[in-house]
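A.B. asks: File name model10.tsv; file contents TSV, C-alpha atoms and all ligand atoms; full text below.
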chain	number	residue	atom	x	y	z
A	28	MET	CA	30.91	-4.27	1.68
A	29	HIS	CA	29.25	-6.44	4.35
A	30	ALA	CA	25.49	-6.56	3.85
A	31	VAL	CA	22.71	-8.29	5.77
A	32	ILE	CA	19.21	-9.06	4.50
A	33	LEU	CA	16.89	-9.21	7.49
A	34	ASP	CA	13.64	-10.48	5.97
A	35	ALA	CA	14.45	-12.30	2.72
A	36	ALA	CA	11.39	-14.56	3.09
A	37	SER	CA	9.19	-11.53	2.43
A	38	LEU	CA	10.28	-11.71	-1.22
A	39	GLY	CA	8.71	-15.16	-1.53
A	40	ASP	CA	9.87	-18.30	-3.31
A	41	GLY	CA	11.66	-18.49	-6.64
A	42	ILE	CA	13.45	-15.16	-6.39
A	43	ASP	CA	17.08	-15.09	-7.48
A	44	LEU	CA	19.18	-13.03	-5.06
A	45	SER	CA	22.36	-13.30	-7.14
A	46	PRO	CA	22.17	-9.70	-8.51
A	47	ILE	CA	22.48	-8.53	-4.87
A	48	ARG	CA	25.10	-11.12	-3.98
A	49	GLU	CA	27.29	-9.96	-6.89
A	50	ARG	CA	27.38	-6.37	-5.57
A	51	VAL	CA	28.68	-7.07	-2.05
A	52	SER	CA	31.74	-8.81	-0.62
A	53	ARG	CA	29.77	-10.61	2.08
A	54	LEU	CA	26.01	-11.24	2.25
A	55	GLU	CA	24.23	-12.66	5.26
A	56	VAL	CA	20.66	-13.71	4.58
A	57	HIS	CA	17.99	-14.09	7.27
A	58	ASP	CA	14.48	-15.10	6.31
A	59	PHE	CA	12.80	-13.35	9.26
A	60	THR	CA	14.06	-10.94	11.92
A	61	ASP	CA	12.12	-9.73	14.93
A	62	ARG	CA	12.46	-6.07	15.75
A	63	ASP	CA	14.58	-6.86	18.84
A	64	GLU	CA	16.97	-9.10	16.86
A	65	ALA	CA	17.86	-6.43	14.30
A	66	VAL	CA	20.77	-4.85	16.18
A	67	ALA	CA	22.56	-8.14	16.85
A	68	ARG	CA	22.17	-9.25	13.23
A	69	LEU	CA	23.35	-5.94	11.79
A	70	GLU	CA	26.31	-5.55	14.15
A	71	GLY	CA	29.39	-4.57	12.08
A	72	ALA	CA	27.46	-4.52	8.78
A	73	GLU	CA	27.69	-1.50	6.48
A	74	VAL	CA	24.50	-2.29	4.61
A	75	ALA	CA	21.09	-3.33	5.94
A	76	ILE	CA	18.65	-4.74	3.38
A	77	VAL	CA	15.07	-4.84	4.69
A	78	ASN	CA	11.56	-5.03	3.44
A	79	LYS	CA	9.34	-4.41	6.47
A	80	VAL	CA	11.57	-4.86	9.55
A	81	VAL	CA	11.32	-1.70	11.63
A	82	LEU	CA	14.62	0.18	11.94
A	83	ASP	CA	13.78	2.83	14.52
A	84	ALA	CA	15.99	5.61	15.90
A	85	GLU	CA	17.21	3.45	18.80
A	86	THR	CA	18.24	0.64	16.45
A	87	LEU	CA	20.13	3.02	14.15
A	88	ALA	CA	21.89	4.60	17.15
A	89	ALA	CA	23.26	1.15	18.07
A	90	LEU	CA	24.77	0.56	14.60
A	91	PRO	CA	27.79	2.88	14.14
A	92	HIS	CA	29.08	0.96	11.08
A	93	LEU	CA	25.86	1.22	9.11
A	94	ARG	CA	26.18	3.42	6.01
A	95	LEU	CA	23.31	2.32	3.79
A	96	ILE	CA	19.81	0.92	4.19
A	97	CYS	CA	18.31	-0.65	1.07
A	98	VAL	CA	14.54	-1.01	1.37
A	99	LEU	CA	13.07	-3.84	-0.70
A	100	ALA	CA	9.89	-1.78	-1.20
A	101	THR	CA	8.71	1.67	-2.22
A	102	GLY	CA	7.30	2.61	1.19
A	103	THR	CA	9.96	3.58	3.74
A	104	ASN	CA	7.64	4.19	6.68
A	105	ASN	CA	9.37	1.40	8.68
A	106	ILE	CA	12.64	3.37	8.71
A	107	ALA	CA	13.43	6.30	11.04
A	108	MET	CA	14.24	8.53	8.06
A	109	ASP	CA	15.15	11.66	10.06
A	110	GLU	CA	17.49	9.72	12.32
A	111	ALA	CA	19.13	8.02	9.32
A	112	GLU	CA	19.76	11.41	7.74
A	113	ARG	CA	21.13	12.80	10.99
A	114	ARG	CA	23.55	9.88	11.22
A	115	GLY	CA	24.60	10.09	7.55
A	116	ILE	CA	23.04	6.70	6.73
A	117	ALA	CA	21.74	6.68	3.14
A	118	VAL	CA	18.30	5.14	2.60
A	119	ARG	CA	17.45	3.82	-0.87
A	120	ASN	CA	14.09	2.35	-1.73
A	121	VAL	CA	12.91	0.76	-4.98
A	122	ALA	CA	10.63	2.86	-7.18
A	123	ALA	CA	8.47	1.69	-10.07
A	124	TYR	CA	9.26	-2.01	-9.62
A	125	GLY	CA	5.65	-3.14	-9.69
A	126	THR	CA	3.60	-0.41	-11.28
A	127	ALA	CA	1.69	-2.84	-13.52
A	128	SER	CA	0.93	-5.22	-10.63
A	129	VAL	CA	-0.15	-2.63	-8.08
A	130	ALA	CA	-2.20	-0.62	-10.57
A	131	GLN	CA	-3.91	-3.85	-11.72
A	132	HIS	CA	-4.75	-4.73	-8.11
A	133	THR	CA	-6.09	-1.25	-7.44
A	134	LEU	CA	-8.31	-1.41	-10.53
A	135	MET	CA	-9.45	-4.89	-9.47
A	136	GLN	CA	-10.59	-3.49	-6.12
A	137	LEU	CA	-12.22	-0.47	-7.75
A	138	LEU	CA	-14.10	-2.62	-10.29
A	139	ALA	CA	-15.14	-5.17	-7.66
A	140	LEU	CA	-16.55	-2.43	-5.40
A	141	ALA	CA	-18.28	-0.68	-8.31
A	142	ASN	CA	-19.99	-3.92	-9.36
A	143	ARG	CA	-20.76	-4.95	-5.76
A	144	LEU	CA	-18.79	-8.17	-6.14
A	145	PRO	CA	-18.60	-8.89	-2.37
A	146	ARG	CA	-22.41	-8.62	-2.11
A	147	TYR	CA	-23.32	-10.66	-5.22
A	148	GLN	CA	-20.72	-13.34	-4.55
A	149	ARG	CA	-22.21	-13.80	-1.10
A	150	ASP	CA	-25.81	-13.82	-2.45
A	151	VAL	CA	-24.92	-16.56	-4.94
A	152	ALA	CA	-23.05	-18.62	-2.34
A	153	GLU	CA	-26.05	-18.36	-0.01
A	154	GLY	CA	-28.46	-19.60	-2.70
A	155	ARG	CA	-30.31	-16.33	-3.32
A	156	TRP	CA	-29.93	-16.45	-7.13
A	157	GLY	CA	-31.78	-19.78	-7.32
A	158	LYS	CA	-34.71	-18.25	-5.43
A	159	SER	CA	-34.97	-15.12	-7.58
A	160	PRO	CA	-38.39	-14.61	-9.26
A	161	PHE	CA	-36.60	-13.62	-12.50
A	162	PHE	CA	-33.34	-14.47	-14.24
A	163	CYS	CA	-30.92	-12.30	-12.26
A	164	LEU	CA	-30.34	-10.54	-8.98
A	165	MET	CA	-30.22	-6.76	-8.83
A	166	ASP	CA	-30.60	-5.92	-5.16
A	167	HIS	CA	-27.35	-3.97	-4.96
A	168	THR	CA	-27.02	-0.96	-7.25
A	169	THR	CA	-23.84	-1.00	-9.31
A	170	LEU	CA	-21.81	2.05	-10.29
A	171	GLN	CA	-21.03	2.55	-13.98
A	172	LEU	CA	-17.59	4.12	-13.96
A	173	GLU	CA	-17.90	6.00	-17.24
A	174	GLY	CA	-18.37	9.69	-16.53
A	175	LYS	CA	-17.77	9.28	-12.80
A	176	ARG	CA	-15.09	11.17	-10.91
A	177	LEU	CA	-12.03	9.43	-9.48
A	178	VAL	CA	-10.06	11.50	-6.97
A	179	ILE	CA	-6.49	10.28	-6.53
A	180	VAL	CA	-4.19	11.29	-3.68
A	181	GLY	CA	-0.53	10.98	-4.77
A	182	GLN	CA	0.39	11.85	-8.35
A	183	GLY	CA	3.46	9.61	-8.47
A	184	GLU	CA	4.21	6.33	-10.18
A	185	LEU	CA	1.14	4.41	-9.03
A	186	GLY	CA	-1.38	7.24	-8.85
A	187	THR	CA	-0.53	8.25	-12.41
A	188	ARG	CA	-0.91	4.70	-13.78
A	189	VAL	CA	-4.16	4.09	-11.89
A	190	GLY	CA	-5.45	7.36	-13.36
A	191	GLU	CA	-4.57	6.20	-16.88
A	192	LEU	CA	-6.32	2.84	-16.41
A	193	ALA	CA	-9.41	4.50	-14.90
A	194	GLY	CA	-9.38	6.89	-17.85
A	195	ALA	CA	-9.77	3.87	-20.13
A	196	PHE	CA	-13.08	3.20	-18.34
A	197	GLY	CA	-14.16	6.76	-19.12
A	198	MET	CA	-13.65	8.09	-15.60
A	199	GLU	CA	-12.83	11.74	-15.00
A	200	VAL	CA	-9.56	11.66	-13.05
A	201	VAL	CA	-8.63	14.46	-10.65
A	202	PHE	CA	-5.51	14.61	-8.48
A	203	ALA	CA	-5.80	16.15	-5.02
A	204	ALA	CA	-3.22	18.53	-3.58
A	205	ARG	CA	-0.56	17.13	-1.33
A	206	PRO	CA	-1.70	17.59	2.28
A	207	GLY	CA	0.39	20.13	4.13
A	208	ALA	CA	1.98	21.49	0.93
A	209	GLU	CA	1.94	25.29	0.95
A	210	GLN	CA	2.15	25.87	-2.78
A	211	ASP	CA	-0.05	23.40	-4.60
A	212	ALA	CA	-2.45	24.68	-7.22
A	213	ARG	CA	-4.49	21.47	-7.13
A	214	PRO	CA	-7.72	21.40	-5.06
A	215	THR	CA	-7.47	19.82	-1.63
A	216	LEU	CA	-8.96	16.44	-0.83
A	217	ALA	CA	-11.47	18.17	1.48
A	218	GLU	CA	-12.58	20.40	-1.42
A	219	LEU	CA	-12.87	17.46	-3.81
A	220	ALA	CA	-14.53	15.07	-1.35
A	221	PRO	CA	-18.19	16.04	-2.00
A	222	THR	CA	-17.70	15.54	-5.76
A	223	ALA	CA	-15.82	12.23	-5.62
A	224	ASP	CA	-17.43	9.01	-6.82
A	225	VAL	CA	-14.26	7.08	-5.98
A	226	ILE	CA	-11.16	7.97	-3.94
A	227	SER	CA	-7.92	6.04	-4.36
A	228	LEU	CA	-4.85	6.62	-2.18
A	229	HIS	CA	-1.35	6.45	-3.67
A	230	CYS	CA	0.89	8.54	-1.42
A	231	PRO	CA	3.36	7.54	1.28
A	232	LEU	CA	2.32	7.22	4.93
A	233	THR	CA	3.72	10.26	6.74
A	234	GLU	CA	2.48	12.40	9.59
A	235	ALA	CA	0.73	14.55	6.94
A	236	SER	CA	-1.14	11.60	5.45
A	237	ARG	CA	-1.99	9.67	8.64
A	238	HIS	CA	-5.81	9.55	8.97
A	239	LEU	CA	-6.14	11.62	5.81
A	240	LEU	CA	-9.61	10.12	5.49
A	241	ASP	CA	-10.85	10.72	9.02
A	242	ALA	CA	-14.46	10.87	10.24
A	243	ASP	CA	-14.79	14.54	9.15
A	244	LEU	CA	-13.58	13.87	5.63
A	245	LEU	CA	-15.68	10.71	5.34
A	246	ALA	CA	-18.74	12.76	6.34
A	247	ARG	CA	-18.11	15.06	3.34
A	248	LEU	CA	-18.31	12.18	0.84
A	249	LYS	CA	-21.37	11.19	-1.17
A	250	PRO	CA	-23.02	8.19	0.56
A	251	SER	CA	-22.39	6.25	-2.66
A	252	ALA	CA	-18.64	7.01	-2.74
A	253	LEU	CA	-16.13	4.17	-2.95
A	254	VAL	CA	-12.77	4.29	-1.18
A	255	VAL	CA	-9.73	2.21	-2.19
A	256	ASN	CA	-6.51	2.09	-0.20
A	257	CYS	CA	-3.60	0.17	-1.73
A	258	ALA	CA	-1.02	2.51	-0.16
A	259	ARG	CA	-0.56	2.12	3.62
A	260	GLY	CA	-2.79	1.27	6.56
A	261	GLY	CA	-3.57	4.19	8.84
A	262	MET	CA	-4.12	6.67	6.02
A	263	ILE	CA	-7.82	6.00	6.47
A	264	ASP	CA	-9.39	5.98	9.92
A	265	GLU	CA	-10.50	2.41	9.25
A	266	ILE	CA	-12.91	2.32	12.20
A	267	ALA	CA	-14.67	5.52	11.09
A	268	ALA	CA	-14.85	4.15	7.53
A	269	LEU	CA	-16.39	0.90	8.79
A	270	ASP	CA	-18.96	2.84	10.82
A	271	ALA	CA	-19.84	4.87	7.70
A	272	LEU	CA	-20.15	1.69	5.61
A	273	ARG	CA	-22.43	0.03	8.15
A	274	ALA	CA	-24.55	3.20	8.38
A	275	GLY	CA	-24.97	3.40	4.58
A	276	LYS	CA	-22.93	6.62	4.47
A	277	LEU	CA	-20.17	5.07	2.34
A	278	GLY	CA	-20.76	3.00	-0.81
A	279	GLY	CA	-17.81	0.67	-0.51
A	280	LEU	CA	-14.37	0.20	1.00
A	281	ALA	CA	-11.44	-1.84	-0.28
A	282	VAL	CA	-8.08	-2.01	1.49
A	283	ASP	CA	-4.91	-3.92	0.69
A	284	VAL	CA	-3.16	-2.61	3.78
A	285	LEU	CA	-3.79	-2.33	7.52
A	286	PRO	CA	-1.99	-0.35	10.25
A	287	GLU	CA	-0.48	-3.53	11.78
A	288	GLU	CA	0.82	-6.18	9.39
A	289	PRO	CA	0.39	-9.03	9.68
A	290	PRO	CA	-2.70	-8.30	11.79
A	291	ARG	CA	-1.76	-10.79	14.55
A	292	ASP	CA	-4.54	-9.54	16.82
A	293	GLY	CA	-7.07	-9.30	14.00
A	294	HIS	CA	-8.73	-6.08	12.88
A	295	PRO	CA	-12.35	-4.84	12.89
A	296	LEU	CA	-12.33	-4.72	9.06
A	297	ILE	CA	-11.43	-8.42	8.94
A	298	ASP	CA	-14.21	-9.26	11.42
A	299	ALA	CA	-16.65	-7.24	9.29
A	300	LEU	CA	-16.00	-9.44	6.24
A	301	SER	CA	-18.62	-11.80	7.66
A	302	GLU	CA	-21.25	-9.03	7.36
A	303	PRO	CA	-23.15	-8.23	4.15
A	304	LEU	CA	-21.11	-5.13	3.27
A	305	ASN	CA	-19.44	-3.84	0.10
A	306	LEU	CA	-16.09	-4.46	1.74
A	307	ILE	CA	-12.86	-6.01	0.46
A	308	VAL	CA	-9.69	-6.72	2.43
A	309	THR	CA	-6.69	-8.18	0.60
A	310	PRO	CA	-3.50	-9.18	2.48
A	311	HIS	CA	-1.04	-6.54	1.19
A	312	SER	CA	-0.83	-8.52	-2.03
A	313	ALA	CA	-1.01	-5.78	-4.67
A	314	TRP	CA	2.75	-5.95	-5.33
A	315	ILE	CA	3.35	-9.72	-5.23
A	316	SER	CA	3.58	-10.75	-8.89
A	317	PRO	CA	6.80	-12.73	-9.55
A	318	GLU	CA	7.84	-10.08	-12.10
A	319	ALA	CA	7.61	-7.31	-9.53
A	320	ARG	CA	9.45	-9.28	-6.83
A	321	GLN	CA	12.36	-10.12	-9.11
A	322	ARG	CA	12.52	-6.49	-10.24
A	323	ILE	CA	12.93	-5.45	-6.59
A	324	VAL	CA	16.14	-7.51	-6.44
A	325	GLU	CA	17.46	-5.95	-9.66
A	326	LEU	CA	16.70	-2.41	-8.50
A	327	THR	CA	18.26	-3.13	-5.10
A	328	ALA	CA	21.41	-4.34	-6.86
A	329	ASP	CA	21.45	-0.99	-8.72
A	330	ASN	CA	21.03	0.80	-5.39
A	331	LEU	CA	24.03	-1.10	-4.03
A	332	SER	CA	26.15	-0.06	-7.01
A	333	ARG	CA	25.60	3.68	-6.69
A	334	PRO	CA	28.30	5.54	-4.78
A	335	LEU	CA	27.29	6.49	-1.28
A	336	GLN	CA	27.80	10.25	-1.67
A	337	ASP	CA	25.07	10.13	-4.37
A	401	LIG	N1	-0.01	-2.28	-1.62
A	401	LIG	C1	1.16	-2.46	-2.18
A	401	LIG	O1	1.53	-3.59	-2.49
A	401	LIG	C2	2.04	-1.28	-2.50
A	401	LIG	C3	3.02	-1.43	-3.47
A	401	LIG	C4	3.84	-0.35	-3.78
A	401	LIG	C5	3.67	0.86	-3.11
A	401	LIG	N2	2.71	0.95	-2.15
A	401	LIG	C6	2.50	2.25	-1.45
A	401	LIG	O2	2.16	3.19	-2.43
A	401	LIG	C7	2.83	4.42	-2.16
A	401	LIG	C8	3.01	5.19	-3.45
A	401	LIG	O3	3.88	4.49	-4.32
A	401	LIG	P1	4.45	5.19	-5.65
A	401	LIG	O4	5.30	4.18	-6.30
A	401	LIG	O5	3.36	5.82	-6.42
A	401	LIG	O6	5.35	6.33	-4.99
A	401	LIG	P2	5.80	7.70	-5.67
A	401	LIG	O7	6.88	8.23	-4.79
A	401	LIG	O8	6.06	7.53	-7.12
A	401	LIG	O9	4.53	8.63	-5.54
A	401	LIG	C9	4.03	9.12	-4.33
A	401	LIG	C10	3.39	10.45	-4.62
A	401	LIG	O10	2.77	10.92	-3.43
A	401	LIG	C11	3.13	12.30	-3.27
A	401	LIG	N3	3.02	12.57	-1.85
A	401	LIG	C12	3.95	12.49	-0.89
A	401	LIG	N4	3.39	12.74	0.31
A	401	LIG	C13	2.11	13.00	0.06
A	401	LIG	C14	1.01	13.32	0.86
A	401	LIG	N5	1.14	13.45	2.20
A	401	LIG	N6	-0.19	13.48	0.26
A	401	LIG	C15	-0.33	13.37	-1.08
A	401	LIG	N7	0.69	13.07	-1.89
A	401	LIG	C16	1.87	12.88	-1.31
A	401	LIG	C17	4.50	12.45	-3.84
A	401	LIG	O11	4.74	13.78	-4.23
A	401	LIG	C18	4.38	11.54	-5.06
A	401	LIG	O12	3.82	12.22	-6.15
A	401	LIG	C19	4.14	3.98	-1.50
A	401	LIG	O13	4.66	4.98	-0.64
A	401	LIG	C20	3.73	2.76	-0.73
A	401	LIG	O14	3.38	3.11	0.59
A	401	LIG	C21	1.90	-0.08	-1.83
A	402	LIG	O1	5.90	-0.31	-0.49
A	402	LIG	C1	5.86	-1.30	-1.21
A	402	LIG	O2	6.64	-1.46	-2.18
A	402	LIG	C2	4.83	-2.37	-0.97
A	402	LIG	O3	4.08	-2.08	0.15
A	402	LIG	C3	5.34	-3.75	-0.87
A	402	LIG	O4	6.27	-3.87	0.13
When written as structure tokens, how does the structure in this file appear?
Ligand SMILES: NC(=O)c1ccc[n+]([C@@H]2O[C@H](COP(=O)([O-])OP(=O)(O)OC[C@H]3O[C@@H](n4cnc5c(N)ncnc54)[C@H](O)[C@@H]3O)[C@@H](O)[C@H]2O)c1
Ligand SMILES: O=C(O)[C@H](O)CO

C.D. replies:
Amino acid sequence: MHAVILDAASLGDGIDLSPIRERVSRLEVHDFTDRDEAVARLEGAEVAIVNKVVLDAETLAALPHLRLICVLATGTNNIAMDEAERRGIAVRNVAAYGTASVAQHTLMQLLALANRLPRYQRDVAEGRWGKSPFFCLMDHTTLQLEGKRLVIVGQGELGTRVGELAGAFGMEVVFAARPGAEQDARPTLAELAPTADVISLHCPLTEASRHLLDADLLARLKPSALVVNCARGGMIDEIAALDALRAGKLGGLAVDVLPEEPPRDGHPLIDALSEPLNLIVTPHSAWISPEARQRIVELTADNLSRPLQD
């Protein structure tokens, strides 16, 4: 089996690729591949191994030998899934490789928003603590999580673990129905929105989840509500969320993901980090613990071992 890794550098340093190497007869490794280089690099290969390189319908159409795409991630939104299915190309992602890391990052964002870390860190850096008439600062009201309601979208690997960790803080955890699903007994996100103290997103980016939190849904939230997105950019209308934050109609916003990554042309949320807002932007780093990255390689090796008719 001839396999090509298109963006090995996205796994970072210190990762041992030998479990993958042992499963294929020939492995070509590229650190980075631009979208328009993908076809030439995959020519004749039966297996494409990618993290975030976009394999769109046109690219797949130009690769008649391709039989399997191994995604070095859980999210497969960079792959033209319908076209792959139509062409009989199997797509295998890695599930549950970094549950501990991503759930930890999500809780970190939730806790930091609840305790107004961006605001207090800035106050201290700007010398406001030293000028306080008493021993502390308390200009920004914090949210005690105990007894508050966390609404989670996506009751899979990550949503479930985040719910368990939030439960340890005494939060009431409620899972929203899957958007677009016809038979789902759970309440919809729109129904839950007015009661949510925190919303955390843990579902894939699809047409059903794009702009799930749009201006209308954001307007239904309590003005104190916190929103955390460690799933995919574009599931929140980030501009509408920023407007709500600036207008005091949203209590806090933390994102680990943006619609374009890396954000070569910047993004309004990044510009807004210079403003005194309860806002956190991390660089898609929830998954990056060394343990999780090595596990991706092991799970990809398993994916390469399974027969293709699977
Ligand atoms: N920031 C990061 O570093 C990072 C790391 C891993 C995963 N992710 C993202 O998190 C997502 C979830 O990961 P996971 O491991 O929990 O996946 P998972 O497949 O275990 O769970 C996803 C859940 O979402 C549900 N779902 C599917 N479409 C939905 C929709 N439109 N609305 C609501 N629910 C929907 C599924 O039924 C499933 O229960 C991934 O798709 C990926 O985009 C981000
Ligand atoms: O989907 C995933 O696994 C994360 O976004 C990291 O690539």

A.B. asks: Atom O4 of ligand LIG 401 (chain A) and CA of Ile315 in chain A, how far apart in Å?

C.D. replies: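 Taking CA of Ile315 in chain A as the start and atom O4 of ligand LIG 401 (chain A) as the end point, the length is 14.1 Å.
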
A.B. asks: With distances taken over only C-alpha atoms and all ligand atoms, which residue among A:Gly157, A:Pro310, A:Pro289, A:Pro334 lies nearest ligand LIG 401 (chain A)?

C.D. replies: A:Pro310

A.B. asks: So, counting only C-alpha atoms, which residue among A:Leu134, A:Leu93, A:Ser128, A:Glu191 is closest to Arg114 in chain A?

C.D. replies: A:Leu93

A.B. asks: Please produce, as a Markdown table, a per-residue contact table for chain A versus ligand LIG 402 (chain A) (criterion: any atom at most 10 Å away, only C-alpha atoms and all ligand atoms considered), showing the nearest atom pair and its distance in Å to one decimal, sorted by chain then residue number.

C.D. replies:
| residue | atom | partner | partner_atom | distance |
| --- | --- | --- | --- | --- |
| A:Ser37 | CA | A:LIG402 | O4 | 8.5 |
| A:Leu38 | CA | A:LIG402 | O4 | 8.9 |
| A:Val77 | CA | A:LIG402 | O4 | 10.0 |
| A:Asn78 | CA | A:LIG402 | O4 | 6.3 |
| A:Lys79 | CA | A:LIG402 | O4 | 7.1 |
| A:Val98 | CA | A:LIG402 | O2 | 8.7 |
| A:Leu99 | CA | A:LIG402 | O4 | 6.9 |
| A:Ala100 | CA | A:LIG402 | O2 | 3.4 |
| A:Thr101 | CA | A:LIG402 | O2 | 3.8 |
| A:Gly102 | CA | A:LIG402 | O1 | 3.6 |
| A:Thr103 | CA | A:LIG402 | O1 | 7.0 |
| A:Asn104 | CA | A:LIG402 | O1 | 8.6 |
| A:Asn105 | CA | A:LIG402 | O1 | 10.0 |
| A:Asn120 | CA | A:LIG402 | O2 | 8.4 |
| A:Val121 | CA | A:LIG402 | O2 | 7.2 |
| A:Ala122 | CA | A:LIG402 | O2 | 7.7 |
| A:Ala123 | CA | A:LIG402 | O2 | 8.7 |
| A:Tyr124 | CA | A:LIG402 | O2 | 7.9 |
| A:Gly125 | CA | A:LIG402 | O2 | 7.8 |
| A:Thr126 | CA | A:LIG402 | O2 | 9.7 |
| A:Val129 | CA | A:LIG402 | C2 | 8.7 |
| A:Pro231 | CA | A:LIG402 | O1 | 8.4 |
| A:Leu232 | CA | A:LIG402 | O1 | 9.9 |
| A:Cys257 | CA | A:LIG402 | O3 | 8.2 |
| A:Ala258 | CA | A:LIG402 | O3 | 6.9 |
| A:Arg259 | CA | A:LIG402 | O3 | 7.2 |
| A:Gly260 | CA | A:LIG402 | O3 | 10.0 |
| A:Asp283 | CA | A:LIG402 | O3 | 9.2 |
| A:Val284 | CA | A:LIG402 | O3 | 8.1 |
| A:His311 | CA | A:LIG402 | O3 | 6.9 |
| A:Ser312 | CA | A:LIG402 | C3 | 7.9 |
| A:Ala313 | CA | A:LIG402 | C3 | 7.7 |
| A:Trp314 | CA | A:LIG402 | C3 | 5.6 |
| A:Ile315 | CA | A:LIG402 | C3 | 7.7 |
| A:Ala319 | CA | A:LIG402 | O2 | 9.4 |
| A:Arg320 | CA | A:LIG402 | C3 | 9.1 |
| A:Ile323 | CA | A:LIG402 | O2 | 8.7 |

A.B. asks: Neighbouring residues of range 144-149 of chain A were defined as those with any atom within 10 Å, considering all atoms listed in the file; residues of the same chain fewer than 2 positions away were excluded. Please report them as an mmCIF file with C-alpha atoms, in the frame of the given file.

C.D. replies:
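What landed in around_1.cif:
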data_model
loop_
_atom_site.group_PDB
_atom_site.id
_atom_site.type_symbol
_atom_site.label_atom_id
_atom_site.label_comp_id
_atom_site.auth_asym_id
_atom_site.auth_seq_id
_atom_site.Cartn_x
_atom_site.Cartn_y
_atom_site.Cartn_z
ATOM 1 C CA GLN A 136 -10.590 -3.490 -6.120
ATOM 2 C CA LEU A 138 -14.100 -2.620 -10.290
ATOM 3 C CA ALA A 139 -15.140 -5.170 -7.660
ATOM 4 C CA LEU A 140 -16.550 -2.430 -5.400
ATOM 5 C CA ALA A 141 -18.280 -0.680 -8.310
ATOM 6 C CA ASN A 142 -19.990 -3.920 -9.360
ATOM 7 C CA VAL A 151 -24.920 -16.560 -4.940
ATOM 8 C CA ALA A 152 -23.050 -18.620 -2.340
ATOM 9 C CA GLU A 153 -26.050 -18.360 -0.010
ATOM 10 C CA GLY A 154 -28.460 -19.600 -2.700
ATOM 11 C CA ARG A 155 -30.310 -16.330 -3.320
ATOM 12 C CA TRP A 156 -29.930 -16.450 -7.130
ATOM 13 C CA LEU A 164 -30.340 -10.540 -8.980
ATOM 14 C CA MET A 165 -30.220 -6.760 -8.830
ATOM 15 C CA ASP A 166 -30.600 -5.920 -5.160
ATOM 16 C CA HIS A 167 -27.350 -3.970 -4.960
ATOM 17 C CA THR A 169 -23.840 -1.000 -9.310
ATOM 18 C CA GLY A 279 -17.810 0.670 -0.510
ATOM 19 C CA LEU A 300 -16.000 -9.440 6.240
ATOM 20 C CA SER A 301 -18.620 -11.800 7.660
ATOM 21 C CA GLU A 302 -21.250 -9.030 7.360
ATOM 22 C CA PRO A 303 -23.150 -8.230 4.150
ATOM 23 C CA LEU A 304 -21.110 -5.130 3.270
ATOM 24 C CA ASN A 305 -19.440 -3.840 0.100
ATOM 25 C CA LEU A 306 -16.090 -4.460 1.740
ATOM 26 C CA ILE A 307 -12.860 -6.010 0.460
#

A.B. asks: Measuring atom to atom with all atoms listed in the file, identify which of A:Arg205, A:Arg48, A:Arg333, A:His294 is nearest to ligand LIG 401 (chain A).

C.D. replies: A:Arg205

A.B. asks: What is the CA of Leu82 in chain A to CA of Leu95 in chain A distance in Å?

C.D. replies: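 Computing the Euclidean distance for CA of Leu82 in chain A and CA of Leu95 in chain A yields 12.1 Å.
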
A.B. asks: Provide the CA of Glu49 in chain A to CA of Asp61 in chain A distance in Å, to one decimal place.

C.D. replies: 26.6 Å

A.B. asks: With distances taken over all atoms listed in the file, which residue among A:Asp264, A:Glu112, A:Glu209, A:Asp292 lies nearest ligand LIG 401 (chain A)?

C.D. replies: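 Selected residue with least distance to ligand LIG 401 (chain A): A:Glu209.
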
A.B. asks: For ligand LIG 401 (chain A), what centre and edge lengths in Å (one decimal) does the axis-aligned box get once 8 Å is added on each side of all its listed atoms, as AutoDock Vina command-line options?

C.D. replies:
--center_x 3.3 --center_y 5.1 --center_z -2.5 --size_x 23.2 --size_y 33.4 --size_z 25.3

A.B. asks: At a cut-off of 10 Å, using all atoms listed in the file, what residues contact Phe202 in chain A? Leave out same-chain residues fewer than 5 positions from it and give the result as an MDAnalysis selection string.

C.D. replies: chainID A and resid 177:182 186:187 190 213:216 219 226:227

A.B. asks: Could you check which of A:Leu245, A:Ile106, A:Ala127, A:Leu253 is closest to Ala268 in chain A, using only C-alpha atoms?

C.D. replies: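 Looking at the shortest contact to Ala268 in chain A, the residue is A:Leu245.
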
A.B. asks: I'd like to know which of A:Gly39, A:Gly261, A:Pro160, A:Gly183 is closest to His229 in chain A, using all atoms listed in the file.

C.D. replies: A:Gly183

A.B. asks: Using all atoms listed in the file, find all polymer residues with an atom at most 12 Å away from the point (27.9, 3.2, 11.3); report them as a CSV table (one decimal) with C-alpha atoms, in the frame of the given file.

C.D. replies:
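Output below, filename out38.csv:
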chain,number,residue,atom,x,y,z
A,29,HIS,CA,29.2,-6.4,4.4
A,66,VAL,CA,20.8,-4.8,16.2
A,69,LEU,CA,23.4,-5.9,11.8
A,70,GLU,CA,26.3,-5.6,14.2
A,71,GLY,CA,29.4,-4.6,12.1
A,72,ALA,CA,27.5,-4.5,8.8
A,73,GLU,CA,27.7,-1.5,6.5
A,74,VAL,CA,24.5,-2.3,4.6
A,75,ALA,CA,21.1,-3.3,5.9
A,86,THR,CA,18.2,0.6,16.4
A,87,LEU,CA,20.1,3.0,14.2
A,88,ALA,CA,21.9,4.6,17.2
A,89,ALA,CA,23.3,1.2,18.1
A,90,LEU,CA,24.8,0.6,14.6
A,91,PRO,CA,27.8,2.9,14.1
A,92,HIS,CA,29.1,1.0,11.1
A,93,LEU,CA,25.9,1.2,9.1
A,94,ARG,CA,26.2,3.4,6.0
A,95,LEU,CA,23.3,2.3,3.8
A,96,ILE,CA,19.8,0.9,4.2
A,111,ALA,CA,19.1,8.0,9.3
A,113,ARG,CA,21.1,12.8,11.0
A,114,ARG,CA,23.6,9.9,11.2
A,115,GLY,CA,24.6,10.1,7.6
A,116,ILE,CA,23.0,6.7,6.7
A,117,ALA,CA,21.7,6.7,3.1
